[in-house]
Amino acid sequence: MFPSGGLGNIPDPARPLLAECDPGNTGYISSGKFRSLLESHSSKLDPHKREVLLALADSHTDGQICYQDFVNLMSNKRSNSFRQAILQGNRRLCSKALLEEKGLNLSQRLIRHVAYETLPREIDRKWYYDSYTCCPPPWFMITITLLEVAFFLYNGVSLDQFVLQVTHPRYLQNALVYHPQLRAQAWRYLTYIFMHAGIEHLGLNVVLQLLVGVPLEMVHGATRIGLVYVAGVVAGSLAVSVADMTAPVVGSSGGVYALVSAHLANIVMNWSGMKCQFKLLRMGVALICMSMEFGRAVWLRFHPSAYPPCPHPSFVAHLGGVAVGITLGVVVLRNYEQRLQDQSLWWIFVAMYTIFVLFAVFWNIFAYTLLDLKLPPPP
């Protein structure tokens, strides 16, 4: 029998199709009858979704399709077993690639461009192209970016300095900056992203956030991309508190490097499937930009401080972001429309991240005293 919810779980165009496929309510659909009915009802379905349905029909060698697989497909909820059934199907999707389709308007071309920028499989690109509605829009990355720019402009006006703001004597007095003497104020482990060393620091972070973060959020959603971003931010400040214990932290590089590292790692791991144009050149440009920003941070860290004995902000947050990107971030980007809780690798990296956070918390509580470390005075 059908699971609870019945035909109400799937869109209206699919209900008569399902009723015809399984009039006896057995919970299974004959592959042959299902295939023939697909052809007769093809005008009611998105062309790319019809291709996936046909691939689903051919992937079941026993001649029957599970009702729940059909419901998951029509409800845009794909399980990992469903993906494997499609990938191992006997039928190859032989129609023309999404890139070859003509007559698309500007918004359709933009969605297609984003699909080819971020997804390595043609079946996922077509799925995303048919399913994306821009509701909700990529609000997380845009909101974070606007807040960072607004805080920077406010500080620039109040300090009367926009280039290398971090060298201003009053810079570290801001309540958002992470400072080792004030590490008990837990909000600073997160709010430091709204403070940047200068316009040169903010500019590159904003460009990377918008060029990489917004397309990723359009595909994977605000929850997943926000999770990777915030995890990178927190890992960055905690890494500084463990590895560079006397230094403050500013800037959103931890979150930015988490997203960019995850994206670049996903491209490398799926090199043959990624069809974005000039991918080698663009990877090189991204790596050069990240290296320049990291080099700037290293130079600034060891440059004579404007407020001795406290050093300039640390660069270790960048490395914390990279660590999150190539672990949690890669799992998120490799599992488009899949349940992360079904991925064993996801739980392994979540456990590793949790252990690191707990270790850093205890380190901050006990290590500073045990090591008898001389910290710079509060700002």
# chains A, B, ... in the order shown; residues from 1 in each chain; ligands from 1
$ residues_around --residues "Met141 (chain A)" --least-positions-apart "6" --cutoff "7 Å" --atoms "only C-alpha atoms" --output "MDAnalysis selection string"
chainID A and resid 209 213:214
$ residues_around --residues "region 165-178 of chain A" --least-positions-apart "3" --cutoff "10 Å" --atoms "only C-alpha atoms" --output "MDAnalysis selection string"
chainID A and resid 152 155:156 158:162 181:201 237 240:241 247:251 300 304:308 310 312:313 378:379
$ residues_around --residues "Leu280 (chain A)" --least-positions-apart "6" --cutoff "10 Å" --atoms "only C-alpha atoms" --output "list of chain:residue names"
A:Ile267, A:Val268, A:Trp271, A:Ala286
$ write_last_selection --atoms "all heavy atoms" --output "compact mmCIF listing (two decimals), in the first residue's frame"
# COMPACT_ATOMS: atom_id res chain seq x y z
N ILE A 267 36.25 20.98 -7.44
CA ILE A 267 36.62 21.01 -8.86
C ILE A 267 37.72 20.00 -9.16
O ILE A 267 37.66 19.25 -10.14
CB ILE A 267 37.05 22.43 -9.26
CG1 ILE A 267 35.85 23.38 -9.22
CG2 ILE A 267 37.66 22.43 -10.67
CD1 ILE A 267 36.21 24.83 -9.52
N VAL A 268 38.74 19.99 -8.31
CA VAL A 268 39.87 19.07 -8.53
C VAL A 268 39.41 17.62 -8.44
O VAL A 268 39.78 16.78 -9.27
CB VAL A 268 40.98 19.35 -7.51
CG1 VAL A 268 42.06 18.28 -7.59
CG2 VAL A 268 41.59 20.72 -7.76
N TRP A 271 37.34 16.74 -11.71
CA TRP A 271 37.91 17.54 -12.79
C TRP A 271 37.26 17.23 -14.14
O TRP A 271 36.91 18.14 -14.89
CB TRP A 271 39.42 17.30 -12.86
CG TRP A 271 40.12 18.19 -13.83
CD1 TRP A 271 40.50 17.88 -15.10
CD2 TRP A 271 40.49 19.55 -13.62
NE1 TRP A 271 41.11 18.96 -15.69
CE2 TRP A 271 41.11 20.00 -14.80
CE3 TRP A 271 40.36 20.42 -12.54
CZ2 TRP A 271 41.60 21.29 -14.94
CZ3 TRP A 271 40.85 21.71 -12.68
CH2 TRP A 271 41.46 22.13 -13.87
N ALA A 286 42.24 32.19 -8.74
CA ALA A 286 41.73 32.08 -7.37
C ALA A 286 42.86 31.78 -6.39
O ALA A 286 42.93 32.38 -5.31
CB ALA A 286 40.65 31.00 -7.29
$ residues_around --residues "Val331 (chain A)" --least-positions-apart "2" --cutoff "9 Å" --atoms "only C-alpha atoms" --output "list in words"
Ala262, Asn266, Ile326, Thr327, Leu328, Gly329, Leu333, Arg334, Asn335, Leu340, Gln343, Leu345, Trp346 and Phe349 of chain A
$ select_by_dssp --residues "region 107-158 of chain A" --states "helix (DSSP H, G or I)" --output "PyMOL selection string"
chain A and resi 107-118+122-131+139-158
$ atom_distance --atom1 "CA of Tyr116 (chain A)" --atom2 "CA of Cys276 (chain A)"
5.3 Å
